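So this one's protein13.csv, CSV, C-alpha atoms:
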```csv
chain,number,residue,atom,x,y,z
A,1,SER,CA,117.2,76.9,93.6
A,2,ARG,CA,119.3,79.2,95.8
A,3,MET,CA,116.4,81.6,96.4
A,4,PHE,CA,114.1,78.7,97.4
A,5,ARG,CA,116.7,77.4,99.9
A,6,ARG,CA,117.0,80.9,101.5
A,7,PHE,CA,113.3,80.9,102.4
A,8,SER,CA,112.6,77.2,102.8
A,9,GLY,CA,114.1,76.9,106.3
A,10,ALA,CA,116.8,74.5,105.3
A,11,ARG,CA,119.4,76.9,106.7
A,12,TRP,CA,117.4,78.4,109.6
A,13,GLY,CA,115.6,75.4,111.0
A,14,ALA,CA,112.1,76.8,110.1
A,15,GLY,CA,110.4,78.2,107.1
A,16,TYR,CA,110.1,82.0,106.6
A,17,HIS,CA,106.4,82.1,107.4
A,18,THR,CA,106.9,80.1,110.6
A,19,GLN,CA,109.7,82.5,111.7
A,20,MET,CA,107.5,85.5,111.1
A,21,GLN,CA,104.5,83.9,112.9
A,22,VAL,CA,106.5,82.9,116.0
A,23,LEU,CA,108.4,86.3,116.2
A,24,SER,CA,105.2,88.2,115.6
A,25,LEU,CA,103.4,86.4,118.4
A,26,ARG,CA,106.4,86.9,120.8
A,27,SER,CA,106.4,90.6,120.0
A,28,TRP,CA,102.6,90.9,120.5
A,29,LYS,CA,102.8,89.3,123.9
A,30,GLU,CA,105.7,91.5,124.9
A,31,ARG,CA,104.2,94.8,123.9
A,32,TRP,CA,100.5,94.1,124.8
A,33,SER,CA,101.1,94.2,128.5
A,34,LYS,CA,103.3,97.3,128.3
A,35,GLN,CA,101.1,99.3,125.9
A,36,PHE,CA,97.7,98.6,127.3
A,37,SER,CA,98.5,99.3,130.9
A,38,TRP,CA,95.8,101.2,132.9
A,39,GLU,CA,98.1,104.3,133.0
A,40,ASN,CA,98.2,104.5,129.2
A,41,VAL,CA,94.4,103.9,128.9
A,42,LEU,CA,93.8,106.6,131.5
A,43,LEU,CA,96.0,109.0,129.6
A,44,MET,CA,94.2,108.5,126.4
A,45,VAL,CA,90.8,108.8,128.0
A,46,MET,CA,91.8,112.0,129.8
A,47,ILE,CA,93.2,113.5,126.6
A,48,GLY,CA,89.9,112.7,124.9
A,49,VAL,CA,88.0,114.4,127.8
A,50,ILE,CA,90.1,117.5,127.6
A,51,ILE,CA,89.7,117.8,123.9
A,52,SER,CA,85.9,117.3,124.2
A,53,VAL,CA,85.6,119.9,126.9
A,54,LEU,CA,87.8,122.6,125.2
A,55,TRP,CA,86.3,122.0,121.7
A,56,TRP,CA,82.8,121.0,122.8
A,57,GLN,CA,80.6,121.0,119.6
A,58,VAL,CA,83.0,123.4,117.9
A,59,GLY,CA,82.0,121.9,114.5
A,60,ALA,CA,78.3,122.2,115.1
A,61,GLY,CA,76.2,125.2,114.0
A,62,PRO,CA,77.1,127.8,111.3
A,63,LEU,CA,80.6,127.7,109.9
A,64,THR,CA,81.9,131.1,110.9
A,65,ILE,CA,85.5,132.2,110.8
A,66,GLU,CA,85.9,131.7,114.5
A,67,ARG,CA,84.5,128.2,114.4
A,68,ALA,CA,86.6,127.2,111.4
A,69,GLY,CA,89.7,128.5,113.2
A,70,ASP,CA,89.0,126.6,116.4
A,71,GLN,CA,88.1,123.5,114.5
A,72,SER,CA,91.3,123.6,112.4
A,73,GLY,CA,93.4,123.9,115.6
A,74,MET,CA,91.7,120.8,117.0
A,75,LEU,CA,92.3,118.9,113.8
A,76,PHE,CA,95.9,119.7,113.8
A,77,PHE,CA,96.2,118.5,117.4
A,78,LEU,CA,94.4,115.3,116.5
A,79,ILE,CA,97.2,114.6,114.0
A,80,LEU,CA,100.1,115.7,116.2
A,81,PHE,CA,99.4,114.1,119.5
A,82,PRO,CA,99.0,110.4,118.4
A,83,SER,CA,101.9,110.9,116.0
A,84,PHE,CA,104.2,112.2,118.7
A,85,GLN,CA,103.2,109.4,121.0
A,86,SER,CA,103.7,106.7,118.3
A,87,LEU,CA,107.1,108.1,117.3
A,88,PHE,CA,108.5,108.2,120.9
A,89,ASN,CA,107.2,104.8,121.7
A,90,ALA,CA,108.8,103.3,118.5
A,91,ILE,CA,112.3,104.5,119.3
A,92,PHE,CA,112.5,102.0,122.1
A,93,THR,CA,111.8,99.0,119.8
A,94,PHE,CA,115.3,98.0,118.8
A,95,PRO,CA,117.6,99.6,121.3
A,96,ASP,CA,115.9,97.6,124.1
A,97,GLU,CA,116.2,94.4,122.1
A,98,ARG,CA,119.7,94.9,120.8
A,99,ARG,CA,121.5,92.3,122.9
A,100,ILE,CA,118.9,89.6,122.4
A,101,LEU,CA,118.7,90.2,118.7
A,102,SER,CA,122.5,90.1,118.3
A,103,LYS,CA,122.7,86.8,120.3
A,104,GLU,CA,119.9,85.2,118.3
A,105,ARG,CA,121.4,86.3,115.0
A,106,ILE,CA,124.8,84.8,116.0
A,107,ALA,CA,122.9,81.5,116.8
A,108,GLY,CA,121.3,81.6,113.3
A,109,MET,CA,117.8,81.3,114.8
A,110,TYR,CA,116.0,83.3,112.2
A,111,ARG,CA,116.4,85.8,109.3
A,112,LEU,CA,116.6,89.5,110.2
A,113,SER,CA,113.8,90.3,107.8
A,114,ALA,CA,111.5,87.8,109.5
A,115,PHE,CA,112.2,89.5,112.8
A,116,TYR,CA,111.6,93.0,111.3
A,117,PHE,CA,108.4,92.3,109.5
A,118,GLY,CA,107.1,90.0,112.2
A,119,ARG,CA,107.6,92.9,114.7
A,120,THR,CA,106.0,95.3,112.2
A,121,VAL,CA,102.9,93.1,111.9
A,122,ALA,CA,102.6,92.7,115.7
A,123,ASP,CA,103.1,96.4,116.3
A,124,LEU,CA,100.5,97.7,113.8
A,125,PRO,CA,97.3,96.9,115.6
A,126,ILE,CA,98.8,98.0,119.0
A,127,ASP,CA,100.0,101.3,117.6
A,128,LEU,CA,96.6,102.0,116.0
A,129,ALA,CA,94.4,101.1,118.9
A,130,PHE,CA,94.8,104.3,121.0
A,131,PRO,CA,94.5,106.7,118.0
A,132,ILE,CA,91.2,104.9,117.1
A,133,LEU,CA,90.0,105.3,120.7
A,134,LEU,CA,90.9,109.0,120.7
A,135,HIS,CA,89.1,109.6,117.4
A,136,VAL,CA,86.0,107.8,118.7
A,137,LEU,CA,86.0,109.7,122.0
A,138,THR,CA,86.4,113.2,120.3
A,139,TYR,CA,84.7,113.1,116.9
A,140,PHE,CA,81.1,113.3,118.0
A,141,THR,CA,81.7,115.5,121.2
A,142,THR,CA,83.4,118.1,119.1
A,143,GLY,CA,80.6,118.2,116.5
A,144,LEU,CA,82.6,117.3,113.4
A,145,ARG,CA,80.9,116.4,110.1
A,146,LEU,CA,78.4,113.6,110.5
A,147,THR,CA,79.0,111.8,107.2
A,148,ALA,CA,80.7,108.5,106.7
A,149,GLY,CA,83.2,110.0,104.3
A,150,ALA,CA,84.3,112.7,106.7
A,151,TYR,CA,84.5,110.2,109.7
A,152,PHE,CA,86.5,107.5,108.0
A,153,GLY,CA,88.5,110.1,106.0
A,154,SER,CA,89.7,111.8,109.1
A,155,LEU,CA,90.3,108.5,110.9
A,156,GLY,CA,92.3,107.1,107.9
A,157,THR,CA,94.4,110.3,107.8
A,158,ILE,CA,95.3,110.0,111.5
A,159,LEU,CA,96.2,106.4,111.1
A,160,LEU,CA,98.4,107.0,108.1
A,161,SER,CA,100.2,109.8,110.1
A,162,VAL,CA,100.6,107.5,113.0
A,163,ILE,CA,102.1,104.7,110.9
A,164,ILE,CA,104.6,107.0,109.3
A,165,SER,CA,105.6,108.4,112.7
A,166,SER,CA,106.0,104.9,114.1
A,167,SER,CA,108.2,104.0,111.1
A,168,VAL,CA,110.3,107.1,111.6
A,169,GLY,CA,110.7,106.2,115.3
A,170,VAL,CA,111.8,102.6,114.4
A,171,PHE,CA,114.3,104.0,111.8
A,172,LEU,CA,115.8,106.5,114.3
A,173,GLY,CA,116.0,103.9,117.0
A,174,ALA,CA,117.7,101.4,114.7
A,175,LEU,CA,120.1,104.1,113.4
A,176,ALA,CA,121.1,105.4,116.8
A,177,MET,CA,120.8,102.1,118.9
A,178,SER,CA,120.8,104.5,121.9
A,179,VAL,CA,117.5,105.6,123.5
A,180,LYS,CA,118.9,109.0,124.6
A,181,LEU,CA,120.3,109.8,121.2
A,182,ALA,CA,117.1,108.6,119.4
A,183,GLN,CA,115.0,110.8,121.7
A,184,VAL,CA,117.0,113.9,120.8
A,185,MET,CA,116.8,113.1,117.1
A,186,SER,CA,113.1,112.3,117.3
A,187,ALA,CA,112.4,115.6,119.1
A,188,CYS,CA,114.2,117.7,116.6
A,189,PHE,CA,112.6,115.8,113.7
A,190,MET,CA,109.0,116.0,114.9
A,191,LEU,CA,109.2,119.6,116.1
A,192,THR,CA,110.5,120.7,112.7
A,193,LEU,CA,107.6,119.0,111.0
A,194,MET,CA,105.2,120.4,113.5
A,195,LEU,CA,106.4,124.0,113.0
A,196,ALA,CA,106.4,123.6,109.2
A,197,GLY,CA,103.2,121.7,109.1
A,198,GLY,CA,101.1,124.5,107.7
A,199,PHE,CA,99.4,125.6,110.9
A,200,TYR,CA,101.9,127.9,112.4
A,201,ILE,CA,103.6,129.2,109.2
A,202,GLN,CA,102.8,129.2,105.5
A,203,ASN,CA,105.6,131.3,104.0
A,204,VAL,CA,108.9,129.7,104.8
A,205,PRO,CA,112.2,131.2,103.8
A,206,PHE,CA,113.3,130.4,100.3
A,207,TRP,CA,116.2,128.3,101.4
A,208,MET,CA,113.7,126.1,103.3
A,209,ALA,CA,111.2,126.0,100.5
A,210,TRP,CA,111.8,122.2,100.0
A,211,LEU,CA,110.7,121.3,103.6
A,212,PRO,CA,106.9,121.6,103.1
A,213,SER,CA,107.1,119.3,100.1
A,214,ILE,CA,108.5,116.4,102.2
A,215,ASN,CA,106.5,117.2,105.4
A,216,TYR,CA,104.0,114.4,105.9
A,217,VAL,CA,102.3,116.4,108.7
A,218,MET,CA,101.3,119.1,106.2
A,219,TYR,CA,99.8,116.5,103.8
A,220,ALA,CA,97.9,114.9,106.7
A,221,TYR,CA,96.7,118.3,107.9
A,222,ASN,CA,95.4,119.2,104.4
A,223,LEU,CA,93.6,115.9,104.2
A,224,MET,CA,91.9,116.6,107.5
A,225,LEU,CA,90.8,120.0,106.3
A,226,ILE,CA,89.4,118.6,103.1
A,227,THR,CA,87.3,116.0,105.1
A,228,GLN,CA,85.8,118.6,107.3
A,229,PHE,CA,85.6,121.8,105.2
A,230,GLY,CA,85.3,120.5,101.6
A,231,GLY,CA,82.2,121.7,99.9
A,232,GLN,CA,80.9,123.7,103.0
A,233,LYS,CA,79.7,127.2,102.9
A,234,LEU,CA,81.4,129.9,105.0
A,235,GLU,CA,78.8,131.9,106.9
A,236,CYS,CA,79.1,135.4,108.4
A,237,GLY,CA,78.1,134.8,111.9
A,238,LEU,CA,80.9,136.8,113.6
A,239,SER,CA,81.0,139.6,111.3
A,240,THR,CA,78.0,140.8,109.8
A,241,ASP,CA,79.9,143.7,111.3
A,242,LEU,CA,83.0,142.9,109.3
A,243,ALA,CA,81.3,143.7,106.0
A,244,ALA,CA,80.3,147.1,107.2
A,245,ALA,CA,83.8,147.7,108.7
A,246,ALA,CA,85.7,147.1,105.5
A,247,PRO,CA,86.3,150.1,103.3
A,248,THR,CA,84.4,150.1,100.1
A,249,GLY,CA,87.5,150.7,98.1
A,250,ASP,CA,89.2,147.7,99.6
A,251,ILE,CA,86.2,145.5,98.7
A,252,ALA,CA,86.3,146.7,95.2
A,253,GLU,CA,90.0,146.0,95.0
A,254,ALA,CA,89.5,142.5,96.4
A,255,SER,CA,86.7,141.8,93.9
A,256,SER,CA,89.1,142.6,91.1
A,257,GLY,CA,91.7,140.2,92.3
A,258,GLY,CA,93.8,142.6,94.3
A,259,SER,CA,93.5,140.7,97.6
A,260,SER,CA,94.3,137.0,98.1
A,261,ALA,CA,94.8,137.0,101.9
A,262,GLY,CA,92.4,134.3,102.8
A,263,LEU,CA,90.9,133.7,106.2
A,264,SER,CA,92.4,133.9,109.6
A,265,ALA,CA,91.2,133.2,113.1
A,266,GLY,CA,93.9,134.8,115.1
A,267,ALA,CA,93.4,137.2,118.0
A,268,SER,CA,93.6,140.2,115.7
A,269,ILE,CA,92.4,140.3,112.1
A,270,SER,CA,94.5,142.2,109.6
A,271,GLY,CA,93.1,144.7,107.1
A,272,ASP,CA,93.7,142.5,104.1
A,273,VAL,CA,92.0,139.5,105.8
A,274,LEU,CA,89.2,141.8,107.0
A,275,THR,CA,88.7,142.9,103.4
A,276,ASP,CA,88.7,139.4,102.0
A,277,TYR,CA,86.3,138.1,104.6
A,278,ALA,CA,84.0,141.1,104.2
A,279,LEU,CA,83.9,140.5,100.5
A,280,ARG,CA,83.0,136.9,101.0
A,281,CYS,CA,80.2,137.9,103.4
A,282,ALA,CA,79.0,140.5,101.0
A,283,GLU,CA,78.7,137.8,98.4
A,284,GLY,CA,76.6,135.7,100.7
A,285,GLY,CA,79.4,133.3,101.6
A,286,THR,CA,81.3,130.9,99.4
A,287,ASP,CA,82.8,127.4,99.4
A,288,MET,CA,85.3,127.0,102.2
A,289,PRO,CA,88.6,126.8,100.2
A,290,TYR,CA,91.0,124.6,102.1
A,291,ALA,CA,94.1,125.9,100.4
A,292,LEU,CA,94.0,129.7,100.9
A,293,THR,CA,96.8,131.3,102.8
A,294,SER,CA,95.5,131.6,106.3
A,295,GLY,CA,96.8,132.0,109.8
A,296,ALA,CA,95.0,129.4,111.8
A,297,VAL,CA,92.2,128.2,109.6
A,298,LEU,CA,93.7,126.8,106.5
A,299,SER,CA,96.9,125.3,105.3
A,300,ARG,CA,99.5,126.0,102.7
A,301,ASN,CA,98.3,125.5,99.1
A,302,LEU,CA,99.5,122.1,98.0
A,303,ASP,CA,97.5,122.3,94.8
A,304,MET,CA,96.8,118.6,94.5
A,305,PRO,CA,93.8,116.3,94.9
A,306,ALA,CA,93.2,114.2,98.0
A,307,TRP,CA,94.1,110.9,96.4
A,308,GLN,CA,97.5,112.2,95.5
A,309,MET,CA,98.2,113.2,99.1
A,310,VAL,CA,97.2,109.8,100.2
A,311,LEU,CA,99.6,108.2,97.8
A,312,ILE,CA,102.4,110.5,99.1
A,313,LEU,CA,101.7,109.4,102.7
A,314,ILE,CA,101.7,105.7,101.7
A,315,SER,CA,105.0,106.3,99.9
A,316,TRP,CA,106.5,107.7,103.1
A,317,ILE,CA,105.5,104.6,105.0
A,318,ILE,CA,107.3,102.4,102.4
A,319,ILE,CA,110.4,104.6,102.4
A,320,PHE,CA,110.7,104.7,106.2
A,321,LYS,CA,110.0,101.0,106.6
A,322,THR,CA,112.7,100.3,104.1
A,323,VAL,CA,115.4,102.6,105.5
A,324,GLY,CA,114.5,101.3,109.0
A,325,TYR,CA,115.3,97.7,107.9
A,326,VAL,CA,118.5,98.8,106.3
A,327,ALA,CA,119.6,100.7,109.4
A,328,LEU,CA,118.8,97.7,111.6
A,329,ASP,CA,120.7,95.3,109.3
A,330,ILE,CA,123.8,97.5,109.3
A,331,ARG,CA,123.8,98.2,113.1
A,332,THR,CA,123.1,94.6,114.2
A,333,ARG,CA,125.6,93.2,111.6
A,334,LYS,CA,128.4,95.3,113.2
A,335,THR,CA,127.3,94.2,116.7
A,336,THR,CA,127.3,90.5,115.6
A,337,LYS,CA,130.7,90.7,114.0
A,338,HIS,CA,132.1,92.3,117.2
A,339,SER,CA,130.5,89.7,119.4
A,340,MET,CA,131.9,86.9,117.2
A,341,LEU,CA,135.4,88.4,117.4
A,342,THR,CA,135.3,88.7,121.2
```
Could you write out this structure as structure tokens?
Amino acid sequence: SRMFRRFSGARWGAGYHTQMQVLSLRSWKERWSKQFSWENVLLMVMIGVIISVLWWQVGAGPLTIERAGDQSGMLFFLILFPSFQSLFNAIFTFPDERRILSKERIAGMYRLSAFYFGRTVADLPIDLAFPILLHVLTYFTTGLRLTAGAYFGSLGTILLSVIISSSVGVFLGALAMSVKLAQVMSACFMLTLMLAGGFYIQNVPFWMAWLPSINYVMYAYNLMLITQFGGQKLECGLSTDLAAAAPTGDIAEASSGGSSAGLSAGASISGDVLTDYALRCAEGGTDMPYALTSGAVLSRNLDMPAWQMVLILISWIIIFKTVGYVALDIRTRKTTKHSMLT
């Protein structure tokens, strides 16, 4: 049949599997030496040391409001840094290979899909190696939860975020086919997601209310909070004084549902937050709710279970991989036609 001939290799000189295998091996050899240079390894080790020093055993001991705030900041950084690095590395993938790819397409050496998916297979373990190293270097030194579920849950969340970011970088690089333009687009894209990721702001303007719903950084951040704070008890280490400082009337109002401020670990604690935290301390602490409105501790309320957030992240991987291939096909097809005419 026609479909069988398209993949059998009759037209291309080799079968689809052979094309993918050869192209994947070529990409692996090309990227391995660049990615695992001693400078990149040193960078990742130094970042791990800095995180370990600044957040040394922040997750150990009683879960007070300050510790939760410091810990949430570290978790947000653990998502952002490898994601940023992966995105900006990925934008070079196709602009740097544009000429070679165009010439090989003109010669009919292989199918574009074999090149794209072969490159994807080769890039995956390389892109994930440094995030795994960073997670191993920092997880135990920062005192995060010592359970298998928390460890692999946080690692899996970081890896999903990195794969999405890499897919975005590939898409933007293929779309722009210019490193400088792709860098500008990537910076704008990632900074927007970072600022709207649930750590810096929870109440976005109504005309931007759609942004958190498509922000994969927010979903990843919420998953990280669930892995570390889910089911834990909030203790009143900082502020046995807070309970005494809050007005009795405010506590009564909060207990009747008048306050929903949640927790904050900012430099200054507002009256509403003080009241809410004092109430929780007066009640002897409560489960750490990951979805309360909160300045630096907790994220925007997504009101969905963890498995649903995982499915959303996987969906974003599929979407960006697909549009990346479409963009590459369109851009290289134009280049190929131009080369054939000239």
Ranking A:Gln308, A:Thr147, A:Ser102, A:Thr157 by minimum distance to A:Leu328 and counting only C-alpha atoms, which one comes first?
A:Ser102
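One finds atom CA of A:Met177 at 8.8 Å from atom CA of A:Ile91.
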Report, in Å to a single decimal, how far apart atom CA of A:Arg333 and atom CA of A:Gly15 are.
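Atom CA of A:Gly15 sits 21.8 Å away from atom CA of A:Arg333.
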From the options A:Ala182, A:Ala220, A:Leu101, A:Val53, which residue's atoms come nearest to A:Gly156, counting only C-alpha atoms?
A:Ala220
Need to verify the contact set: A:Leu175, 12 Å, only C-alpha atoms, exclusion of same-chain residues closer than 5 positions in sequence. Can you return it as a list in words?
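Residues near the query, excluding close chain neighbours: Ile91, Phe92, Thr93, Phe94, Pro95, Arg98, Val168, Gly169, Val170, Leu181, Ala182, Gln183, Met185, Ser186, Phe320, Val323, Gly324, Tyr325, Val326, Ala327, Leu328, Asp329, Ile330, Arg331 and Thr332 of chain A.
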In Å to one decimal, how far is atom CA of A:Tyr221 from atom CA of A:Phe76?
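Atom CA of A:Tyr221 lies at a distance of 6.1 Å from atom CA of A:Phe76.
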Counting all atoms listed in the file, the option among A:Gln19, A:Ser113, A:Asn40, A:Ser178 closest to A:Pro131
A:Asn40
Please provide as a PyMOL selection string all residues within 12 Å of A:Val121, with the sequence filter that same-chain residues fewer than 6 positions apart are discarded (counting all atoms listed in the file).
chain A and resi 20-28+113-115+127-128+163+321
Using all atoms listed in the file, the shortest atom-to-atom distance to A:Gln228 among A:Leu54, A:Ala150, A:Val310, A:Met46 belongs to A:Ala150
So which residues touch A:Ser154 within 9 Å, counting only C-alpha atoms, skipping near sequence neighbours fewer than 2 positions away, as a PDB file with C-alpha atoms, keeping the file's coordinate frame?
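Full text of around.pdb as output:
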```pdb
ATOM      1  CA  LEU A  75      92.300 118.900 113.800  1.00  0.00           C
ATOM      2  CA  HIS A 135      89.100 109.600 117.400  1.00  0.00           C
ATOM      3  CA  GLY A 149      83.200 110.000 104.300  1.00  0.00           C
ATOM      4  CA  ALA A 150      84.300 112.700 106.700  1.00  0.00           C
ATOM      5  CA  TYR A 151      84.500 110.200 109.700  1.00  0.00           C
ATOM      6  CA  PHE A 152      86.500 107.500 108.000  1.00  0.00           C
ATOM      7  CA  GLY A 156      92.300 107.100 107.900  1.00  0.00           C
ATOM      8  CA  THR A 157      94.400 110.300 107.800  1.00  0.00           C
ATOM      9  CA  ILE A 158      95.300 110.000 111.500  1.00  0.00           C
ATOM     10  CA  LEU A 159      96.200 106.400 111.100  1.00  0.00           C
ATOM     11  CA  LEU A 223      93.600 115.900 104.200  1.00  0.00           C
ATOM     12  CA  MET A 224      91.900 116.600 107.500  1.00  0.00           C
ATOM     13  CA  LEU A 225      90.800 120.000 106.300  1.00  0.00           C
ATOM     14  CA  THR A 227      87.300 116.000 105.100  1.00  0.00           C
ATOM     15  CA  GLN A 228      85.800 118.600 107.300  1.00  0.00           C
TER      16      GLN A 228
END
```
For a quick check of understanding, using all atoms listed in the file, which of A:Pro305, A:Pro125, A:Gly59, A:Gly230 has the smallest distance to A:Leu146?
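Among A:Pro305, A:Pro125, A:Gly59, A:Gly230, it is A:Gly59 that comes nearest to A:Leu146.
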Pick out the closest residue to A:Leu87 from this set: A:Ile164, A:Gln35, A:Thr322, A:Thr18. Count all atoms listed in the file.
A:Ile164
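Near A:Ser165, within 10 Å and counting all atoms listed in the file, sit Leu80, Pro82, Ser83, Phe84, Gln85, Ser86, Leu87, Phe88, Asn89, Ala90, Leu159, Leu160, Ser161, Val162, Ile163, Ser167, Val168, Gly169, Val170, Phe171, Ser186, Met190, Tyr216, Val217, Trp316, Ile317 and Phe320 of chain A, not including residues fewer than 2 positions from it in the same chain.
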Those same residues, written as a CSV table (one decimal), in the frame of the given file with C-alpha atoms?
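Output saved as selection.csv:
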```
chain,number,residue,atom,x,y,z
A,80,LEU,CA,100.1,115.7,116.2
A,82,PRO,CA,99.0,110.4,118.4
A,83,SER,CA,101.9,110.9,116.0
A,84,PHE,CA,104.2,112.2,118.7
A,85,GLN,CA,103.2,109.4,121.0
A,86,SER,CA,103.7,106.7,118.3
A,87,LEU,CA,107.1,108.1,117.3
A,88,PHE,CA,108.5,108.2,120.9
A,89,ASN,CA,107.2,104.8,121.7
A,90,ALA,CA,108.8,103.3,118.5
A,159,LEU,CA,96.2,106.4,111.1
A,160,LEU,CA,98.4,107.0,108.1
A,161,SER,CA,100.2,109.8,110.1
A,162,VAL,CA,100.6,107.5,113.0
A,163,ILE,CA,102.1,104.7,110.9
A,167,SER,CA,108.2,104.0,111.1
A,168,VAL,CA,110.3,107.1,111.6
A,169,GLY,CA,110.7,106.2,115.3
A,170,VAL,CA,111.8,102.6,114.4
A,171,PHE,CA,114.3,104.0,111.8
A,186,SER,CA,113.1,112.3,117.3
A,190,MET,CA,109.0,116.0,114.9
A,216,TYR,CA,104.0,114.4,105.9
A,217,VAL,CA,102.3,116.4,108.7
A,316,TRP,CA,106.5,107.7,103.1
A,317,ILE,CA,105.5,104.6,105.0
A,320,PHE,CA,110.7,104.7,106.2
```
Can you find the residues with an atom no farther than 12 Å from (110.7, 120.8, 105.4), counting all atoms listed in the file, and report them as a ChimeraX atom specification?
/A:189-198,201-219
With N, CA, C and O atoms as the atom set, please write stretch 110-123 of chain A from the structure just given, as a PDB file, in the first residue's frame.
```pdb
ATOM      1  N   TYR A 110      16.390  11.487   4.121  1.00  0.00           N
ATOM      2  CA  TYR A 110      15.541  10.950   5.189  1.00  0.00           C
ATOM      3  C   TYR A 110      14.264  11.778   5.275  1.00  0.00           C
ATOM      4  O   TYR A 110      14.162  12.879   4.725  1.00  0.00           O
ATOM      5  N   ARG A 111      13.311  11.235   5.992  1.00  0.00           N
ATOM      6  CA  ARG A 111      12.066  11.950   6.258  1.00  0.00           C
ATOM      7  C   ARG A 111      12.284  12.978   7.364  1.00  0.00           C
ATOM      8  O   ARG A 111      13.056  12.742   8.290  1.00  0.00           O
ATOM      9  N   LEU A 112      11.597  14.093   7.261  1.00  0.00           N
ATOM     10  CA  LEU A 112      11.724  15.129   8.287  1.00  0.00           C
ATOM     11  C   LEU A 112      11.267  14.612   9.647  1.00  0.00           C
ATOM     12  O   LEU A 112      11.876  14.924  10.675  1.00  0.00           O
ATOM     13  N   SER A 113      10.215  13.833   9.673  1.00  0.00           N
ATOM     14  CA  SER A 113       9.716  13.304  10.942  1.00  0.00           C
ATOM     15  C   SER A 113      10.747  12.389  11.603  1.00  0.00           C
ATOM     16  O   SER A 113      10.881  12.367  12.833  1.00  0.00           O
ATOM     17  N   ALA A 114      11.501  11.636  10.793  1.00  0.00           N
ATOM     18  CA  ALA A 114      12.555  10.784  11.352  1.00  0.00           C
ATOM     19  C   ALA A 114      13.649  11.629  11.980  1.00  0.00           C
ATOM     20  O   ALA A 114      14.172  11.290  13.053  1.00  0.00           O
ATOM     21  N   PHE A 115      13.992  12.727  11.335  1.00  0.00           N
ATOM     22  CA  PHE A 115      14.984  13.642  11.895  1.00  0.00           C
ATOM     23  C   PHE A 115      14.472  14.265  13.190  1.00  0.00           C
ATOM     24  O   PHE A 115      15.190  14.320  14.202  1.00  0.00           O
ATOM     25  N   TYR A 116      13.229  14.723  13.184  1.00  0.00           N
ATOM     26  CA  TYR A 116      12.661  15.423  14.345  1.00  0.00           C
ATOM     27  C   TYR A 116      12.552  14.502  15.556  1.00  0.00           C
ATOM     28  O   TYR A 116      12.990  14.844  16.657  1.00  0.00           O
ATOM     29  N   PHE A 117      11.984  13.334  15.350  1.00  0.00           N
ATOM     30  CA  PHE A 117      11.797  12.430  16.482  1.00  0.00           C
ATOM     31  C   PHE A 117      13.103  11.752  16.891  1.00  0.00           C
ATOM     32  O   PHE A 117      13.296  11.425  18.065  1.00  0.00           O
ATOM     33  N   GLY A 118      14.001  11.541  15.935  1.00  0.00           N
ATOM     34  CA  GLY A 118      15.325  11.044  16.304  1.00  0.00           C
ATOM     35  C   GLY A 118      16.069  12.037  17.163  1.00  0.00           C
ATOM     36  O   GLY A 118      16.730  11.666  18.142  1.00  0.00           O
ATOM     37  N   ARG A 119      15.966  13.322  16.812  1.00  0.00           N
ATOM     38  CA  ARG A 119      16.595  14.363  17.618  1.00  0.00           C
ATOM     39  C   ARG A 119      15.939  14.451  18.991  1.00  0.00           C
ATOM     40  O   ARG A 119      16.614  14.649  20.012  1.00  0.00           O
ATOM     41  N   THR A 120      14.631  14.288  19.035  1.00  0.00           N
ATOM     42  CA  THR A 120      13.912  14.329  20.315  1.00  0.00           C
ATOM     43  C   THR A 120      14.365  13.203  21.241  1.00  0.00           C
ATOM     44  O   THR A 120      14.594  13.419  22.437  1.00  0.00           O
ATOM     45  N   VAL A 121      14.503  11.999  20.690  1.00  0.00           N
ATOM     46  CA  VAL A 121      14.944  10.849  21.489  1.00  0.00           C
ATOM     47  C   VAL A 121      16.363  11.067  22.009  1.00  0.00           C
ATOM     48  O   VAL A 121      16.674  10.754  23.169  1.00  0.00           O
ATOM     49  N   ALA A 122      17.233  11.622  21.177  1.00  0.00           N
ATOM     50  CA  ALA A 122      18.614  11.855  21.591  1.00  0.00           C
ATOM     51  C   ALA A 122      18.713  12.959  22.634  1.00  0.00           C
ATOM     52  O   ALA A 122      19.544  12.891  23.551  1.00  0.00           O
ATOM     53  N   ASP A 123      17.874  13.986  22.501  1.00  0.00           N
ATOM     54  CA  ASP A 123      17.954  15.135  23.408  1.00  0.00           C
ATOM     55  C   ASP A 123      17.388  14.838  24.791  1.00  0.00           C
ATOM     56  O   ASP A 123      17.813  15.458  25.777  1.00  0.00           O
TER      57      ASP A 123
END
```
